[in-house]
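Everything on this sheet refers to the single structure shown next.
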Amino acid sequence: LPPSRSLSLPLFPPAPRQAARVLGAVFLVLQIIILLDCIFGLNEWLLDREANGALIAGSALLYGGALAGLGLLFHWWAPRPACGLHIFFITWTLVMALVYTALSLTPWRPPAAGLLTSGGVFAYTVYAAWAALSSVPDGNTCAPSGGGGGTPLRIVAFVLTLLALAYTTFSTSTEHSKFATTAAGGGGGTDAEALATADGEDADLPYRPDFFSLVFCTGTAYAAMVFIAWDTGGLTPSPGEFTVDRGWLSFWVKAVAQWVAAALYAWALVAPALLKDRHFG
């Protein structure tokens, strides 16, 4: 094929490509929910054991590392005042951290929330900012080496994305109970569990087969979108360049995912106080 058609998708109709985009976005949301659940679970586990030293040390480490990461992002991707988009994106990451950190210190926060959970979300949003900025296309003067931080940084970001994809796919597929909806004070997800054990052959499985298949379907769609940088219209790679997960579409997908993560965490902090008739377990 000619170079201009080497990665285009002329044989596939647009509907499946757009469906893959939607499923990939669903997987990103599932990934964020599982991440927040893990952060809350770790904080609650340390609180139950009164491990105050570990809570303080972990919070300090997370906040210190995230602030250092922000400094590096400003140094690498916002070297001059003309880099307005990058400056806004990095600064907004800090602004969001200040907001949800303040919420996690209020007296009406959930018992499982605190500085450790906010520090964990702060560290994740800084990583998400780095991943988004690493997708900046070539030719951008507000990035190391003129775009994307150079091939080594791009490869590191891509490998981390694949590792996160593999972990989230396997962990989410066994955490179907986290997504079950039950009435306040109800049977603790009995109806959801009954679906998993309706067939005798599925009773001993650590996962629900239908939910397992759904997660792997969305994970596969997400992986496909990563490889084509969410551009369903076709790509034209530059010779010798690592073009996977590169481009403005990929940048904005990661930016929006970062904002969704911060918004979901902030909602988790305020929802128990606003919706007193609901049970949050």
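Starting from 1 in every chain, residues are counted up; chains themselves are A, B, ... following the order of the structure tokens, and ligands are numbered from 1 as listed.
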Exercise: Ser104 of chain A partners within 10 Å, only C-alpha atoms, chain neighbours under 5 positions left out, as a PDB file with all heavy atoms, in the first residue's frame:
```pdb
ATOM      1  N   LEU A  98      -6.566  20.823  44.518  1.00  0.00           N
ATOM      2  CA  LEU A  98      -6.872  21.686  45.664  1.00  0.00           C
ATOM      3  C   LEU A  98      -8.344  21.568  46.063  1.00  0.00           C
ATOM      4  O   LEU A  98      -8.682  21.551  47.256  1.00  0.00           O
ATOM      5  CB  LEU A  98      -6.533  23.138  45.323  1.00  0.00           C
ATOM      6  CG  LEU A  98      -5.046  23.455  45.114  1.00  0.00           C
ATOM      7  CD1 LEU A  98      -4.869  24.904  44.670  1.00  0.00           C
ATOM      8  CD2 LEU A  98      -4.257  23.201  46.388  1.00  0.00           C
ATOM      9  N   VAL A  99      -9.221  21.446  45.068  1.00  0.00           N
ATOM     10  CA  VAL A  99     -10.662  21.367  45.357  1.00  0.00           C
ATOM     11  C   VAL A  99     -10.996  20.070  46.071  1.00  0.00           C
ATOM     12  O   VAL A  99     -11.633  20.062  47.133  1.00  0.00           O
ATOM     13  CB  VAL A  99     -11.479  21.510  44.055  1.00  0.00           C
ATOM     14  CG1 VAL A  99     -12.961  21.220  44.324  1.00  0.00           C
ATOM     15  CG2 VAL A  99     -11.314  22.906  43.476  1.00  0.00           C
ATOM     16  N   ARG A 109     -17.272  14.432  55.118  1.00  0.00           N
ATOM     17  CA  ARG A 109     -16.720  13.510  54.124  1.00  0.00           C
ATOM     18  C   ARG A 109     -17.018  12.064  54.534  1.00  0.00           C
ATOM     19  O   ARG A 109     -17.272  11.784  55.712  1.00  0.00           O
ATOM     20  CB  ARG A 109     -15.211  13.709  54.009  1.00  0.00           C
ATOM     21  CG  ARG A 109     -14.440  13.189  55.208  1.00  0.00           C
ATOM     22  CD  ARG A 109     -12.955  13.446  55.082  1.00  0.00           C
ATOM     23  NE  ARG A 109     -12.197  12.771  56.132  1.00  0.00           N
ATOM     24  CZ  ARG A 109     -12.013  13.247  57.343  1.00  0.00           C
ATOM     25  NH1 ARG A 109     -12.543  14.420  57.682  1.00  0.00           N
ATOM     26  NH2 ARG A 109     -11.305  12.582  58.232  1.00  0.00           N
ATOM     27  N   PRO A 110     -16.961  11.110  53.603  1.00  0.00           N
ATOM     28  CA  PRO A 110     -17.155   9.698  53.956  1.00  0.00           C
ATOM     29  C   PRO A 110     -16.043   9.228  54.897  1.00  0.00           C
ATOM     30  O   PRO A 110     -14.906   9.716  54.822  1.00  0.00           O
ATOM     31  CB  PRO A 110     -17.066   8.972  52.606  1.00  0.00           C
ATOM     32  CG  PRO A 110     -17.356  10.022  51.588  1.00  0.00           C
ATOM     33  CD  PRO A 110     -16.833  11.307  52.146  1.00  0.00           C
ATOM     34  N   PRO A 111     -16.313   8.292  55.782  1.00  0.00           N
ATOM     35  CA  PRO A 111     -15.289   7.822  56.722  1.00  0.00           C
ATOM     36  C   PRO A 111     -14.052   7.231  56.035  1.00  0.00           C
ATOM     37  O   PRO A 111     -12.961   7.277  56.595  1.00  0.00           O
ATOM     38  CB  PRO A 111     -16.031   6.748  57.538  1.00  0.00           C
ATOM     39  CG  PRO A 111     -17.480   7.096  57.410  1.00  0.00           C
ATOM     40  CD  PRO A 111     -17.635   7.681  56.046  1.00  0.00           C
ATOM     41  N   ALA A 112     -14.238   6.687  54.831  1.00  0.00           N
ATOM     42  CA  ALA A 112     -13.119   6.046  54.141  1.00  0.00           C
ATOM     43  C   ALA A 112     -12.280   7.025  53.338  1.00  0.00           C
ATOM     44  O   ALA A 112     -11.325   6.618  52.672  1.00  0.00           O
ATOM     45  CB  ALA A 112     -13.638   4.941  53.210  1.00  0.00           C
ATOM     46  N   ALA A 113     -12.618   8.316  53.379  1.00  0.00           N
ATOM     47  CA  ALA A 113     -11.894   9.316  52.600  1.00  0.00           C
ATOM     48  C   ALA A 113     -10.959  10.116  53.493  1.00  0.00           C
ATOM     49  O   ALA A 113     -11.170  10.240  54.698  1.00  0.00           O
ATOM     50  CB  ALA A 113     -12.863  10.249  51.892  1.00  0.00           C
ATOM     51  N   GLY A 114      -9.923  10.660  52.904  1.00  0.00           N
ATOM     52  CA  GLY A 114      -8.958  11.461  53.648  1.00  0.00           C
ATOM     53  C   GLY A 114      -7.846  11.921  52.735  1.00  0.00           C
ATOM     54  O   GLY A 114      -7.952  11.871  51.495  1.00  0.00           O
ATOM     55  N   LEU A 115      -6.758  12.357  53.343  1.00  0.00           N
ATOM     56  CA  LEU A 115      -5.645  12.852  52.548  1.00  0.00           C
ATOM     57  C   LEU A 115      -5.004  11.757  51.701  1.00  0.00           C
ATOM     58  O   LEU A 115      -4.492  12.026  50.613  1.00  0.00           O
ATOM     59  CB  LEU A 115      -4.593  13.486  53.464  1.00  0.00           C
ATOM     60  CG  LEU A 115      -4.940  14.861  54.046  1.00  0.00           C
ATOM     61  CD1 LEU A 115      -3.830  15.339  54.977  1.00  0.00           C
ATOM     62  CD2 LEU A 115      -5.153  15.880  52.926  1.00  0.00           C
ATOM     63  N   LEU A 116      -5.021  10.512  52.189  1.00  0.00           N
ATOM     64  CA  LEU A 116      -4.423   9.432  51.403  1.00  0.00           C
ATOM     65  C   LEU A 116      -5.209   9.209  50.115  1.00  0.00           C
ATOM     66  O   LEU A 116      -4.614   9.032  49.048  1.00  0.00           O
ATOM     67  CB  LEU A 116      -4.377   8.150  52.224  1.00  0.00           C
ATOM     68  CG  LEU A 116      -3.678   6.973  51.519  1.00  0.00           C
ATOM     69  CD1 LEU A 116      -2.188   7.248  51.374  1.00  0.00           C
ATOM     70  CD2 LEU A 116      -3.894   5.675  52.292  1.00  0.00           C
ATOM     71  N   THR A 117      -6.526   9.220  50.196  1.00  0.00           N
ATOM     72  CA  THR A 117      -7.322   9.031  48.983  1.00  0.00           C
ATOM     73  C   THR A 117      -7.135  10.201  48.016  1.00  0.00           C
ATOM     74  O   THR A 117      -7.001  10.004  46.810  1.00  0.00           O
ATOM     75  CB  THR A 117      -8.808   8.875  49.334  1.00  0.00           C
ATOM     76  OG1 THR A 117      -9.243  10.017  50.088  1.00  0.00           O
ATOM     77  CG2 THR A 117      -9.036   7.612  50.151  1.00  0.00           C
ATOM     78  N   SER A 118      -7.119  11.418  48.560  1.00  0.00           N
ATOM     79  CA  SER A 118      -6.904  12.577  47.694  1.00  0.00           C
ATOM     80  C   SER A 118      -5.507  12.554  47.083  1.00  0.00           C
ATOM     81  O   SER A 118      -5.322  12.917  45.915  1.00  0.00           O
ATOM     82  CB  SER A 118      -7.111  13.873  48.478  1.00  0.00           C
ATOM     83  OG  SER A 118      -8.455  14.007  48.884  1.00  0.00           O
ATOM     84  N   TYR A 265     -14.409  11.351  41.841  1.00  0.00           N
ATOM     85  CA  TYR A 265     -13.894  11.350  43.210  1.00  0.00           C
ATOM     86  C   TYR A 265     -14.554  12.453  44.029  1.00  0.00           C
ATOM     87  O   TYR A 265     -14.947  12.227  45.191  1.00  0.00           O
ATOM     88  CB  TYR A 265     -12.379  11.535  43.195  1.00  0.00           C
ATOM     89  CG  TYR A 265     -11.780  11.647  44.580  1.00  0.00           C
ATOM     90  CD1 TYR A 265     -11.866  10.592  45.481  1.00  0.00           C
ATOM     91  CD2 TYR A 265     -11.134  12.811  44.996  1.00  0.00           C
ATOM     92  CE1 TYR A 265     -11.335  10.687  46.754  1.00  0.00           C
ATOM     93  CE2 TYR A 265     -10.590  12.913  46.258  1.00  0.00           C
ATOM     94  CZ  TYR A 265     -10.694  11.852  47.135  1.00  0.00           C
ATOM     95  OH  TYR A 265     -10.159  11.959  48.400  1.00  0.00           O
ATOM     96  N   ALA A 266     -14.689  13.639  43.449  1.00  0.00           N
ATOM     97  CA  ALA A 266     -15.351  14.731  44.167  1.00  0.00           C
ATOM     98  C   ALA A 266     -16.798  14.365  44.490  1.00  0.00           C
ATOM     99  O   ALA A 266     -17.292  14.658  45.591  1.00  0.00           O
ATOM    100  CB  ALA A 266     -15.298  16.012  43.331  1.00  0.00           C
ATOM    101  N   ALA A 268     -17.934  11.334  44.951  1.00  0.00           N
ATOM    102  CA  ALA A 268     -17.886  10.334  46.017  1.00  0.00           C
ATOM    103  C   ALA A 268     -17.712  10.993  47.382  1.00  0.00           C
ATOM    104  O   ALA A 268     -18.154  10.447  48.402  1.00  0.00           O
ATOM    105  CB  ALA A 268     -16.758   9.347  45.758  1.00  0.00           C
ATOM    106  N   LEU A 269     -17.088  12.166  47.413  1.00  0.00           N
ATOM    107  CA  LEU A 269     -16.881  12.869  48.676  1.00  0.00           C
ATOM    108  C   LEU A 269     -18.142  13.605  49.142  1.00  0.00           C
ATOM    109  O   LEU A 269     -18.391  13.711  50.347  1.00  0.00           O
ATOM    110  CB  LEU A 269     -15.731  13.872  48.538  1.00  0.00           C
ATOM    111  CG  LEU A 269     -14.341  13.281  48.285  1.00  0.00           C
ATOM    112  CD1 LEU A 269     -13.324  14.399  48.106  1.00  0.00           C
ATOM    113  CD2 LEU A 269     -13.916  12.353  49.405  1.00  0.00           C
ATOM    114  N   VAL A 270     -18.920  14.118  48.202  1.00  0.00           N
ATOM    115  CA  VAL A 270     -20.071  14.944  48.590  1.00  0.00           C
ATOM    116  C   VAL A 270     -21.395  14.187  48.534  1.00  0.00           C
ATOM    117  O   VAL A 270     -22.375  14.612  49.161  1.00  0.00           O
ATOM    118  CB  VAL A 270     -20.159  16.202  47.689  1.00  0.00           C
ATOM    119  CG1 VAL A 270     -18.882  17.019  47.788  1.00  0.00           C
ATOM    120  CG2 VAL A 270     -20.444  15.831  46.240  1.00  0.00           C
TER     121      VAL A 270
END
```
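For Trp77 of chain A, the residues within 7 Å (counting only C-alpha atoms, excluding itself and residues fewer than 3 positions away along the chain) are Leu73, Phe74, His86, Cys142, Ala143 and Pro144 of chain A.
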Using only N, CA and C atoms, please write the residues we just selected to a file, as a PDB file, in the first residue's frame.
```
ATOM      1  N   LEU A  73       6.312  18.509  34.518  1.00  0.00           N
ATOM      2  CA  LEU A  73       5.426  18.775  33.384  1.00  0.00           C
ATOM      3  C   LEU A  73       5.537  20.235  32.942  1.00  0.00           C
ATOM      4  N   PHE A  74       5.574  21.148  33.916  1.00  0.00           N
ATOM      5  CA  PHE A  74       5.764  22.560  33.556  1.00  0.00           C
ATOM      6  C   PHE A  74       7.108  22.762  32.870  1.00  0.00           C
ATOM      7  N   HIS A  86      -1.022  23.919  27.210  1.00  0.00           N
ATOM      8  CA  HIS A  86      -0.310  23.057  28.148  1.00  0.00           C
ATOM      9  C   HIS A  86      -0.311  23.667  29.549  1.00  0.00           C
ATOM     10  N   CYS A 142       5.911  23.181  21.998  1.00  0.00           N
ATOM     11  CA  CYS A 142       5.796  23.232  23.451  1.00  0.00           C
ATOM     12  C   CYS A 142       5.956  21.856  24.061  1.00  0.00           C
ATOM     13  N   ALA A 143       6.820  21.043  23.515  1.00  0.00           N
ATOM     14  CA  ALA A 143       7.044  19.696  24.024  1.00  0.00           C
ATOM     15  C   ALA A 143       8.509  19.330  23.838  1.00  0.00           C
ATOM     16  N   PRO A 144       9.049  18.456  24.687  1.00  0.00           N
ATOM     17  CA  PRO A 144      10.435  18.020  24.522  1.00  0.00           C
ATOM     18  C   PRO A 144      10.670  17.432  23.137  1.00  0.00           C
TER      19      PRO A 144
END
```
**Asked** Could you work out how far atom CA of Tyr222 of chain A lies from atom CA of Val136 of chain A, giving the answer in Å with one decimal?
**Response**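 Going from atom CA of Val136 of chain A over to atom CA of Tyr222 of chain A, I get 18.8 Å.
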**Request:** Find the residues around Val29 of chain A up to 8 Å (only C-alpha atoms counted), leave out those fewer than 3 positions away in its own chain, and share them as a list of chain:residue names.
**Result:** A:Ala25, A:Val26, A:Ile32, A:Ile33, A:Ala257, A:Val260
Could you take the residues named above and write them with N, CA and C atoms, as a short mmCIF file (atom, residue, chain, number, x, y, z; two decimals), in the first residue's frame?
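Result went into result-v3.cif, see below:
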```cif
data_model
loop_
_atom_site.label_atom_id
_atom_site.label_comp_id
_atom_site.auth_asym_id
_atom_site.auth_seq_id
_atom_site.Cartn_x
_atom_site.Cartn_y
_atom_site.Cartn_z
N ALA A 25 -14.34 4.12 25.55
CA ALA A 25 -14.63 5.12 26.56
C ALA A 25 -15.27 4.49 27.79
N VAL A 26 -16.15 3.50 27.58
CA VAL A 26 -16.75 2.78 28.71
C VAL A 26 -15.66 2.10 29.54
N ILE A 32 -11.44 3.88 35.89
CA ILE A 32 -11.42 4.92 36.91
C ILE A 32 -12.18 4.48 38.16
N ILE A 33 -13.33 3.83 37.97
CA ILE A 33 -14.13 3.38 39.12
C ILE A 33 -13.35 2.37 39.95
N ALA A 257 -10.63 11.99 30.37
CA ALA A 257 -10.60 10.90 31.35
C ALA A 257 -10.07 11.41 32.69
N VAL A 260 -12.86 13.34 34.32
CA VAL A 260 -13.89 12.42 34.80
C VAL A 260 -13.46 11.78 36.13
#
```
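Remark: for Asn43 of chain A, the closest of the candidate residues A:Ala223, A:Ile56, A:Met96, A:Ile228 is A:Ile56 (distances computed over only C-alpha atoms).
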